[in-house]
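Shown below: final-v6.csv, with CSV, C-alpha atoms and all ligand atoms.
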chain,number,residue,atom,x,y,z
A,1,MET,CA,-10.7,19.4,42.1
A,2,PRO,CA,-7.1,19.0,41.0
A,3,ARG,CA,-4.8,16.7,42.9
A,4,PRO,CA,-3.9,18.5,46.1
A,5,ILE,CA,-0.1,18.9,45.6
A,6,HIS,CA,1.1,22.4,45.1
A,7,ALA,CA,4.2,24.6,45.5
A,8,ARG,CA,3.8,28.0,47.1
A,9,ILE,CA,6.4,30.6,46.4
A,10,ASN,CA,6.8,33.2,49.1
A,11,LEU,CA,8.2,36.3,47.3
A,12,ASP,CA,8.4,38.3,50.5
A,13,ALA,CA,10.8,35.6,51.8
A,14,LEU,CA,12.8,35.9,48.6
A,15,LYS,CA,13.1,39.7,49.1
A,16,ASN,CA,14.1,39.1,52.7
A,17,ASN,CA,16.9,36.8,51.6
A,18,LEU,CA,18.1,39.4,49.1
A,19,ARG,CA,18.3,41.9,51.9
A,20,VAL,CA,20.3,39.4,53.9
A,21,ALA,CA,22.7,39.2,51.0
A,22,ARG,CA,22.8,42.9,50.7
A,23,ARG,CA,23.7,43.5,54.3
A,24,LEU,CA,26.8,41.3,54.0
A,25,GLY,CA,28.8,43.9,52.1
A,26,ASN,CA,28.9,46.6,49.5
A,27,SER,CA,29.3,44.5,46.3
A,28,ARG,CA,26.8,44.5,43.5
A,29,ILE,CA,24.5,41.5,43.5
A,30,MET,CA,24.2,39.2,40.6
A,31,ALA,CA,21.3,37.0,41.6
A,32,VAL,CA,21.6,33.5,40.2
A,33,ILE,CA,18.4,32.4,38.6
A,34,LYS,CA,19.5,29.5,36.5
A,35,ALA,CA,17.4,26.3,36.3
A,36,ASN,CA,14.2,28.2,36.3
A,37,ALA,CA,15.3,30.1,39.4
A,38,TYR,CA,16.2,26.9,41.2
A,39,GLY,CA,12.7,25.6,40.4
A,40,HIS,CA,10.9,28.7,41.6
A,41,GLY,CA,9.8,30.2,38.3
A,42,LEU,CA,12.1,32.4,36.2
A,43,LEU,CA,9.9,35.5,35.4
A,44,ARG,CA,8.2,35.8,38.8
A,45,VAL,CA,11.5,35.5,40.7
A,46,ALA,CA,13.4,37.9,38.4
A,47,GLU,CA,10.6,40.4,38.9
A,48,ALA,CA,10.8,40.1,42.7
A,49,LEU,CA,14.6,40.5,42.5
A,50,GLU,CA,14.5,43.7,40.6
A,51,GLU,CA,16.6,45.4,43.3
A,52,ALA,CA,19.6,43.1,42.5
A,53,GLU,CA,21.9,44.8,40.0
A,54,GLY,CA,22.1,41.7,37.9
A,55,VAL,CA,20.7,38.3,37.2
A,56,ALA,CA,22.6,35.2,36.0
A,57,LEU,CA,21.3,32.3,34.0
A,58,LEU,CA,22.3,29.9,31.2
A,59,ASP,CA,19.9,30.2,28.3
A,60,VAL,CA,20.1,33.0,25.9
A,61,HIS,CA,16.4,32.8,25.0
A,62,ASP,CA,15.5,33.0,28.7
A,63,ALA,CA,17.7,36.0,28.9
A,64,ALA,CA,16.1,37.7,25.9
A,65,GLN,CA,12.7,36.9,27.4
A,66,LEU,CA,13.7,38.7,30.6
A,67,ARG,CA,14.8,41.7,28.7
A,68,GLU,CA,11.5,41.7,26.8
A,69,ALA,CA,9.7,41.5,30.1
A,70,GLY,CA,11.3,44.8,31.1
A,71,SER,CA,14.4,43.9,33.1
A,72,ARG,CA,17.0,46.6,33.0
A,73,GLN,CA,19.5,44.7,35.1
A,74,THR,CA,22.8,43.3,33.9
A,75,ILE,CA,21.8,39.8,32.5
A,76,LEU,CA,24.8,37.4,32.6
A,77,LEU,CA,25.0,34.2,30.6
A,78,LEU,CA,27.0,31.9,33.0
A,79,GLU,CA,28.3,29.5,30.4
A,80,GLY,CA,28.5,32.1,27.7
A,81,PHE,CA,27.2,31.2,24.2
A,82,PHE,CA,27.0,27.8,22.7
A,83,SER,CA,27.1,29.0,19.1
A,84,PRO,CA,28.5,32.1,17.4
A,85,ASP,CA,25.0,32.8,16.1
A,86,ASP,CA,24.0,33.6,19.7
A,87,LEU,CA,26.2,36.7,19.6
A,88,GLN,CA,23.6,38.5,17.5
A,89,LEU,CA,21.0,38.0,20.3
A,90,ILE,CA,23.5,38.9,23.0
A,91,ALA,CA,24.2,42.3,21.3
A,92,GLU,CA,20.6,42.9,20.5
A,93,TYR,CA,19.4,42.3,24.0
A,94,ASP,CA,22.4,43.9,25.7
A,95,LEU,CA,23.3,40.6,27.5
A,96,THR,CA,26.6,40.0,29.2
A,97,THR,CA,28.4,36.9,28.3
A,98,VAL,CA,31.0,34.7,30.1
A,99,ILE,CA,33.9,33.7,27.9
A,100,HIS,CA,35.4,30.5,29.3
A,101,ASN,CA,37.2,28.7,26.4
A,102,SER,CA,39.3,29.5,23.4
A,103,GLN,CA,36.5,28.5,21.0
A,104,GLN,CA,34.3,31.3,22.3
A,105,LEU,CA,37.2,33.7,22.1
A,106,ALA,CA,37.7,32.7,18.4
A,107,SER,CA,34.0,33.1,17.7
A,108,LEU,CA,34.2,36.7,18.8
A,109,ASP,CA,36.7,37.4,16.0
A,110,ALA,CA,34.1,36.5,13.4
A,111,TYR,CA,31.6,38.8,15.0
A,112,PRO,CA,31.2,41.9,12.8
A,113,ARG,CA,30.0,44.6,15.1
A,114,ARG,CA,31.9,47.1,17.2
A,115,GLY,CA,32.1,48.1,20.8
A,116,SER,CA,28.9,46.5,22.1
A,117,LEU,CA,29.7,43.4,24.1
A,118,GLN,CA,30.2,43.1,27.8
A,119,VAL,CA,32.3,40.1,28.7
A,120,TRP,CA,33.1,38.2,31.9
A,121,LEU,CA,36.3,36.3,31.4
A,122,LYS,CA,36.3,33.1,33.5
A,123,VAL,CA,39.5,32.0,35.3
A,124,ASN,CA,39.9,28.4,36.3
A,125,THR,CA,41.5,28.8,39.7
A,126,GLY,CA,41.1,25.1,40.7
A,127,MET,CA,37.5,24.0,40.1
A,128,ASN,CA,38.7,22.5,36.7
A,129,ARG,CA,35.4,22.8,35.1
A,130,LEU,CA,35.2,26.0,33.0
A,131,GLY,CA,37.7,28.8,32.4
A,132,PHE,CA,41.2,29.7,31.3
A,133,THR,CA,44.1,28.8,33.6
A,134,PRO,CA,45.8,31.8,35.3
A,135,GLU,CA,48.7,31.3,32.8
A,136,GLU,CA,46.3,31.6,29.8
A,137,ILE,CA,44.7,34.8,31.1
A,138,PRO,CA,47.2,37.3,29.9
A,139,ALA,CA,46.8,36.3,26.3
A,140,ALA,CA,43.0,36.1,26.6
A,141,MET,CA,42.8,39.4,28.4
A,142,GLU,CA,45.0,41.0,25.7
A,143,HIS,CA,42.7,39.6,23.0
A,144,LEU,CA,39.6,40.9,24.6
A,145,LYS,CA,40.9,44.3,25.6
A,146,SER,CA,42.0,45.1,22.1
A,147,HIS,CA,38.9,43.6,20.5
A,148,ARG,CA,36.7,45.9,18.4
A,149,ALA,CA,33.5,44.3,19.6
A,150,VAL,CA,34.2,44.3,23.4
A,151,ARG,CA,33.1,47.2,25.5
A,152,ASP,CA,34.4,46.0,28.9
A,153,VAL,CA,35.8,42.9,30.7
A,154,THR,CA,35.1,41.6,34.2
A,155,LEU,CA,37.2,38.8,35.7
A,156,MET,CA,35.4,35.9,37.4
A,157,THR,CA,36.1,32.6,39.0
A,158,HIS,CA,34.1,30.0,40.9
A,159,PHE,CA,35.0,28.2,44.1
A,160,SER,CA,34.9,24.4,44.6
A,161,HIS,CA,35.1,24.3,48.4
A,162,ALA,CA,33.5,27.5,49.7
A,163,ASP,CA,30.9,25.5,51.7
A,164,GLU,CA,33.4,23.1,53.2
A,165,ALA,CA,36.2,23.1,55.7
A,166,GLU,CA,38.9,23.5,53.0
A,167,GLY,CA,37.5,27.0,52.1
A,168,VAL,CA,38.7,29.3,49.4
A,169,ALA,CA,42.3,30.3,50.3
A,170,ARG,CA,44.1,28.5,47.5
A,171,GLN,CA,41.8,29.7,44.7
A,172,LEU,CA,41.5,33.2,46.2
A,173,GLU,CA,45.3,33.5,46.1
A,174,ARG,CA,45.5,32.6,42.4
A,175,PHE,CA,42.7,34.9,41.5
A,176,ASN,CA,44.1,37.9,43.5
A,177,GLY,CA,47.3,37.5,41.6
A,178,LEU,CA,45.4,38.3,38.4
A,179,THR,CA,43.2,41.1,39.7
A,180,ALA,CA,46.2,42.9,41.0
A,181,THR,CA,47.6,42.9,37.5
A,182,TYR,CA,44.4,43.8,35.6
A,183,ARG,CA,42.4,46.6,37.1
A,184,THR,CA,39.1,45.2,35.9
A,185,PRO,CA,36.0,44.5,38.0
A,186,CYS,CA,35.9,41.1,39.5
A,187,SER,CA,33.5,38.5,40.8
A,188,MET,CA,34.1,35.3,42.8
A,189,ALA,CA,31.5,34.6,45.5
A,190,ASN,CA,28.6,32.1,45.4
A,191,SER,CA,26.3,32.0,48.5
A,192,ALA,CA,28.8,30.1,50.7
A,193,ALA,CA,31.7,32.5,49.9
A,194,LEU,CA,29.5,35.6,50.3
A,195,LEU,CA,28.3,34.4,53.7
A,196,ARG,CA,31.7,33.2,55.1
A,197,TYR,CA,34.6,35.0,53.3
A,198,PRO,CA,34.3,38.8,53.0
A,199,ALA,CA,37.7,38.7,51.2
A,200,THR,CA,35.9,37.1,48.2
A,201,HIS,CA,33.3,39.8,47.8
A,202,GLY,CA,34.9,41.9,45.1
A,203,ASP,CA,32.7,44.0,42.7
A,204,TRP,CA,30.0,41.5,42.2
A,205,VAL,CA,28.7,38.6,44.3
A,206,ARG,CA,26.7,35.8,42.8
A,207,PRO,CA,24.3,34.3,45.4
A,208,GLY,CA,22.0,31.6,44.4
A,209,ILE,CA,20.8,29.1,47.0
A,210,MET,CA,20.7,31.5,49.8
A,211,LEU,CA,18.2,33.7,48.0
A,212,TYR,CA,15.8,30.7,47.9
A,213,GLY,CA,16.2,30.4,51.7
A,214,ALA,CA,18.4,27.4,52.0
A,215,SER,CA,21.8,27.2,53.7
A,216,PRO,CA,24.8,26.2,51.7
A,217,PHE,CA,26.5,24.8,54.8
A,218,ALA,CA,26.0,21.5,56.6
A,219,ASP,CA,26.8,23.0,60.0
A,220,THR,CA,24.7,26.2,59.9
A,221,SER,CA,21.0,26.3,59.3
A,222,ALA,CA,19.2,28.8,57.1
A,223,GLN,CA,17.4,30.1,60.1
A,224,GLN,CA,20.7,30.9,61.8
A,225,LEU,CA,21.7,32.8,58.7
A,226,GLY,CA,18.4,34.8,58.8
A,227,LEU,CA,17.1,33.2,55.6
A,228,LYS,CA,13.5,32.2,55.1
A,229,PRO,CA,12.3,29.4,52.9
A,230,VAL,CA,10.8,30.6,49.6
A,231,MET,CA,9.3,27.3,48.3
A,232,THR,CA,6.9,25.3,50.3
A,233,LEU,CA,5.9,22.0,48.7
A,234,GLY,CA,2.5,20.9,50.2
A,235,SER,CA,-0.1,18.3,49.7
A,236,GLU,CA,-2.7,16.3,51.6
A,237,ILE,CA,-3.3,12.9,53.0
A,238,ILE,CA,-5.5,10.9,50.6
A,239,SER,CA,-5.8,7.6,52.5
A,240,VAL,CA,-5.5,6.5,56.2
A,241,ARG,CA,-5.3,2.9,57.5
A,242,GLU,CA,-4.2,0.8,60.4
A,243,ILE,CA,-1.8,-2.0,59.6
A,244,LYS,CA,-0.9,-4.9,61.9
A,245,ALA,CA,2.6,-5.8,63.1
A,246,GLY,CA,4.6,-7.5,60.3
A,247,GLU,CA,2.6,-5.9,57.5
A,248,PRO,CA,4.5,-4.1,54.7
A,249,VAL,CA,3.9,-0.7,53.2
A,250,GLY,CA,4.4,0.1,49.5
A,251,TYR,CA,6.6,-1.4,46.7
A,252,ALA,CA,8.9,-4.2,47.8
A,253,GLY,CA,7.7,-3.8,51.4
A,254,LEU,CA,10.7,-1.8,52.3
A,255,PHE,CA,9.0,-0.8,55.5
A,256,ARG,CA,7.4,-3.5,57.7
A,257,ALA,CA,5.5,-2.5,60.8
A,258,GLU,CA,6.9,-3.6,64.1
A,259,GLN,CA,3.7,-3.0,65.9
A,260,SER,CA,0.2,-2.1,64.7
A,261,THR,CA,0.7,1.3,63.1
A,262,ARG,CA,-1.6,4.0,61.7
A,263,ILE,CA,-0.3,5.1,58.3
A,264,GLY,CA,-1.3,7.7,55.8
A,265,VAL,CA,-0.8,8.1,52.1
A,266,VAL,CA,0.3,11.5,50.7
A,267,ALA,CA,-0.4,12.7,47.2
A,268,CYS,CA,3.2,13.3,46.3
A,269,GLY,CA,5.7,11.1,44.5
A,270,TYR,CA,8.8,11.1,42.5
A,271,ALA,CA,6.9,12.2,39.4
A,272,ASP,CA,6.4,15.5,41.4
A,273,GLY,CA,10.1,15.8,42.1
A,274,TYR,CA,10.1,14.2,45.5
A,275,PRO,CA,13.3,12.1,45.7
A,276,ARG,CA,12.7,8.4,45.2
A,277,HIS,CA,15.8,7.7,47.3
A,278,ALA,CA,14.3,9.3,50.4
A,279,PRO,CA,14.3,6.4,52.9
A,280,THR,CA,11.9,5.5,55.6
A,281,GLY,CA,12.4,8.1,58.3
A,282,THR,CA,12.7,11.1,56.1
A,283,PRO,CA,11.1,14.1,58.0
A,284,ILE,CA,7.7,15.3,56.8
A,285,LEU,CA,4.9,17.5,58.4
A,286,VAL,CA,1.3,16.4,58.8
A,287,ASN,CA,-1.0,19.0,60.4
A,288,TRP,CA,2.2,21.0,61.0
A,289,GLN,CA,3.5,18.1,63.2
A,290,ARG,CA,6.7,16.4,62.4
A,291,THR,CA,6.6,12.7,61.5
A,292,ARG,CA,8.4,10.4,59.1
A,293,THR,CA,7.9,8.8,55.7
A,294,LEU,CA,7.4,5.1,55.5
A,295,GLY,CA,8.5,2.7,52.7
A,296,ARG,CA,9.5,3.3,49.1
A,297,VAL,CA,8.4,6.6,47.4
A,298,SER,CA,6.1,5.7,44.5
A,299,MET,CA,5.5,7.8,41.3
A,300,ASP,CA,2.5,9.6,42.7
A,301,MET,CA,2.3,8.7,46.4
A,302,LEU,CA,4.3,8.1,49.6
A,303,GLY,CA,3.6,6.7,53.0
A,304,VAL,CA,3.7,8.5,56.3
A,305,ASP,CA,3.6,7.4,59.9
A,306,LEU,CA,0.5,8.8,61.7
A,307,SER,CA,1.0,7.0,65.0
A,308,ASN,CA,1.7,10.2,66.9
A,309,ILE,CA,-0.7,12.4,64.9
A,310,ALA,CA,-4.1,11.5,66.3
A,311,ASP,CA,-6.0,14.2,64.5
A,312,ALA,CA,-4.7,13.3,61.0
A,313,GLN,CA,-7.3,12.2,58.5
A,314,VAL,CA,-8.0,12.2,54.8
A,315,GLY,CA,-7.6,15.9,53.7
A,316,SER,CA,-5.0,16.7,56.4
A,317,ARG,CA,-2.4,19.2,55.3
A,318,VAL,CA,1.1,17.9,54.5
A,319,VAL,CA,4.4,19.8,54.1
A,320,LEU,CA,7.1,18.0,52.1
A,321,TRP,CA,9.5,20.8,52.6
A,322,GLY,CA,9.5,24.6,53.1
A,323,GLU,CA,7.8,26.4,55.9
A,324,GLY,CA,8.3,24.5,59.1
A,325,LEU,CA,10.6,21.9,57.5
A,326,PRO,CA,13.9,23.1,55.9
A,327,VAL,CA,14.5,21.5,52.5
A,328,GLU,CA,18.1,20.9,53.6
A,329,GLU,CA,16.8,18.3,56.2
A,330,VAL,CA,14.8,16.4,53.6
A,331,ALA,CA,17.8,16.6,51.2
A,332,GLN,CA,20.2,15.3,53.8
A,333,ALA,CA,17.9,12.3,54.7
A,334,ALA,CA,17.7,11.5,51.0
A,335,GLY,CA,21.4,11.7,50.5
A,336,THR,CA,21.4,14.8,48.3
A,337,ILE,CA,21.4,18.6,48.6
A,338,SER,CA,18.7,21.2,48.7
A,339,TYR,CA,19.6,22.5,45.3
A,340,GLU,CA,18.7,19.2,43.6
A,341,LEU,CA,15.3,19.0,45.4
A,342,LEU,CA,14.3,22.5,44.5
A,343,CYS,CA,15.3,22.3,40.8
A,344,ALA,CA,13.7,18.9,40.5
A,345,LEU,CA,10.1,20.1,41.0
A,346,THR,CA,8.3,18.8,38.0
A,347,ALA,CA,6.0,20.6,35.6
A,348,ARG,CA,2.8,18.9,36.8
A,349,VAL,CA,3.1,20.6,40.2
A,350,PRO,CA,1.0,23.8,40.2
A,351,VAL,CA,3.0,26.7,41.4
A,352,GLY,CA,1.3,29.6,43.2
A,353,TYR,CA,2.8,33.0,44.3
B,1,LIG,C1,25.2,28.3,40.4
B,1,LIG,C2,26.3,29.3,40.4
B,1,LIG,C3,26.4,30.3,41.5
B,1,LIG,C4,25.4,30.3,42.7
B,1,LIG,O1,25.8,29.3,43.6
B,1,LIG,P1,25.0,29.1,45.0
B,1,LIG,O2,25.8,28.0,45.7
B,1,LIG,O3,23.7,28.6,44.6
B,1,LIG,O4,25.1,30.4,45.7
B,1,LIG,C5,27.4,31.2,41.4
B,1,LIG,N1,28.2,31.2,40.4
B,1,LIG,C6,28.2,30.3,39.4
B,1,LIG,C7,29.2,30.4,38.3
B,1,LIG,C8,27.3,29.3,39.4
B,1,LIG,O5,27.2,28.4,38.4

What would you get if you wrote out this structure as structure tokens?
Amino acid sequence: MPRPIHARINLDALKNNLRVARRLGNSRIMAVIKANAYGHGLLRVAEALEEAEGVALLDVHDAAQLREAGSRQTILLLEGFFSPDDLQLIAEYDLTTVIHNSQQLASLDAYPRRGSLQVWLKVNTGMNRLGFTPEEIPAAMEHLKSHRAVRDVTLMTHFSHADEAEGVARQLERFNGLTATYRTPCSMANSAALLRYPATHGDWVRPGIMLYGASPFADTSAQQLGLKPVMTLGSEIISVREIKAGEPVGYAGLFRAEQSTRIGVVACGYADGYPRHAPTGTPILVNWQRTRTLGRVSMDMLGVDLSNIADAQVGSRVVLWGEGLPVEEVAQAAGTISYELLCALTARVPVGY
């Protein structure tokens, strides 16, 4: 028997979440599947999302593989190309590339073919990560529109505070100034903006995290948004013991029992992608009942409190996150976000669909 840890991917939940995104407006959907579809598996997820008009990722070879697998969607490279040599593949596989800096723009000039490339021109409206400033856009736009190799141009930007109180107003205003001038298609919204700011929807929306069933907001749960968890990380109890008051659990004895306590050991550790920084008290399910982790997370194991779960024994089912335990709650306890936990699932964890 293999070690009992496994991730189950619920593709019906994924399709449900795509329908939720669809119902929010009339924009075309560019489903974001970067980072191996947020840890859920690129090809299986892309196949299940075939009703989305496009998919977005980073790696040109992943994109080509999707095309080879039969995808007829728009396939967008979110950071564009990293070498001029990639342009060949981009044309060959009919990929759509972001252009976010002047080096990429210059590379286009050296590209010999005509009329084949679809470009998303990225505007830096305040994130200060990628993109041309609004002042640089007129020249870049001129360059692209008159370029022999470029078929069409979409304007895009990305919000830095769509999930927070500050919102999108400042960035939206800058972006709208440009889209009023250039009558090109446009794209702004990530999940948070799609859910909260209809004014950002434009021609294409770019949901990521919500498709995987997690809420981008601290104050609204996935369930409230109608989203269902796609990944459930499960395992089993592999050891049970009773410890006396004062006895420690795990490395460095970070947890010490205040009274005699029944504890369990779960076959899941940081080498599986569970966050090592999750402190004692991080929520976890044993036999579908909620309890807490105890002590420091090890490479392959972690401790749980079984005091209130009388029927727990070796072989009892454990849910680390997913169905019955939102990944956001585990992330919050560990001082991170759901995105990081989902992406961090490691290769040794078997994934079933
Ligand atoms: C990752 C990403 C998204 C998706 O963001 P979510 O918060 O997961 O919805 C959208 N647009 C760009 C440019 C991204 O990098």

Inset, instruction - Let me have all residues with an atom within 6 Å of ligand LIG 1 (chain B), counting all atoms listed in the file, laid out as a list of chain:residue names. - result: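 Going residue by residue within 6 Å of ligand LIG 1 (chain B), we get A:Val32, A:Leu78, A:His158, A:Asn190, A:Ser191, A:Arg206, A:Pro207, A:Gly208, A:Ile209.
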
Legend entry - Atom-to-atom span, CA of Tyr111 (chain A) and CA of Arg72 (chain A), Å: 24.5 Å

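Separating CA of Ala278 (chain A) from CA of Ser160 (chain A) is a distance of 26.2 Å.
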
Inset, instruction - Enumerate, as a list in words, the protein, DNA and RNA residues whose atoms approach (40.2, 26.9, 52.1) to within 12 Å, taking into account all atoms listed in the file and the coordinate frame of the file. - result: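 Within the cut-off we find Gly126, Phe159, Ser160, His161, Ala162, Asp163, Glu164, Ala165, Glu166, Gly167, Val168, Ala169, Arg170, Gln171, Leu172, Glu173, Ala192, Ala193, Arg196, Tyr197 and Thr200 of chain A.
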
Legend entry - Within 8 Å of Leu285 (chain A) using only C-alpha atoms, minus same-chain residues under 4 positions, as number ranges by chain: A: 289-292, 318-320, 324-325

Inset, instruction - Please identify all polymer residues lying at most 9 Å from the point (9.8, 12.8, 45.5) (file coordinates), using all atoms listed in the file, and present the result as a list in words. - result: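 Protein, DNA and RNA residues close to (9.8, 12.8, 45.5): Cys268, Gly269, Tyr270, Ala271, Asp272, Gly273, Tyr274, Pro275, Arg276, His277, Ala278, Val297, Ser298, Met299, Asp300, Met301, Leu302, Leu320, Leu341, Ala344 and Leu345 of chain A.
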
Inset, instruction - Name the residues in contact with Pro2 (chain A) at a cut-off of 12 Å, using only C-alpha atoms, excluding same-chain residues fewer than 2 positions from it; report them as a PyMOL selection string. - result: chain A and resi 4-6+235-236+267+348-350

Legend entry - All residues 10 Å or closer to Gly39 (chain A), all atoms listed in the file, same chain fewer than 6 positions away omitted, as a list in words: Ala7, Ile33, Val45, Tyr212, Met231, Tyr339, Glu340, Leu341, Leu342, Cys343, Ala344, Leu345, Thr346, Ala347 and Val351 of chain A

With C-alpha atoms retained, could you export that selection as a PDB file, keeping the file's coordinate frame?
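Contents of the output file selection-v2.pdb:
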ATOM      1  CA  ALA A   7       4.200  24.600  45.500  1.00  0.00           C
ATOM      2  CA  ILE A  33      18.400  32.400  38.600  1.00  0.00           C
ATOM      3  CA  VAL A  45      11.500  35.500  40.700  1.00  0.00           C
ATOM      4  CA  TYR A 212      15.800  30.700  47.900  1.00  0.00           C
ATOM      5  CA  MET A 231       9.300  27.300  48.300  1.00  0.00           C
ATOM      6  CA  TYR A 339      19.600  22.500  45.300  1.00  0.00           C
ATOM      7  CA  GLU A 340      18.700  19.200  43.600  1.00  0.00           C
ATOM      8  CA  LEU A 341      15.300  19.000  45.400  1.00  0.00           C
ATOM      9  CA  LEU A 342      14.300  22.500  44.500  1.00  0.00           C
ATOM     10  CA  CYS A 343      15.300  22.300  40.800  1.00  0.00           C
ATOM     11  CA  ALA A 344      13.700  18.900  40.500  1.00  0.00           C
ATOM     12  CA  LEU A 345      10.100  20.100  41.000  1.00  0.00           C
ATOM     13  CA  THR A 346       8.300  18.800  38.000  1.00  0.00           C
ATOM     14  CA  ALA A 347       6.000  20.600  35.600  1.00  0.00           C
ATOM     15  CA  VAL A 351       3.000  26.700  41.400  1.00  0.00           C
TER      16      VAL A 351
END

Inset, instruction - Quick one: everything within 9 Å of Leu121 (chain A), counting all atoms listed in the file, minus sequence neighbours fewer than 6 positions away in the same chain. Send it as a list in words. - result: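 Everything that qualifies: Thr97, Val98, Ile99, His100, Gly131, Phe132, Ile137, Ala140, Met141, Leu144, Val153, Thr154, Leu155, Met156 and Thr157 of chain A.
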
Legend entry - Nearest candidate to Ser102 (chain A) (options A:Glu136, A:Glu247, A:Asp203, A:Glu51; using all atoms listed in the file): A:Glu136

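With distances restricted to only C-alpha atoms, A:Glu258 is the closest residue to Gly246 (chain A) from A:Leu49, A:Met188, A:Glu258, A:Thr280.
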
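From CA of Tyr93 (chain A) back to CA of Gly80 (chain A), the distance works out to 14.2 Å.
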
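The residue that comes closest to Leu195 (chain A), out of A:Ile243, A:Gly177, A:Ala222, A:Arg317 and on the basis of all atoms listed in the file, is A:Ala222.
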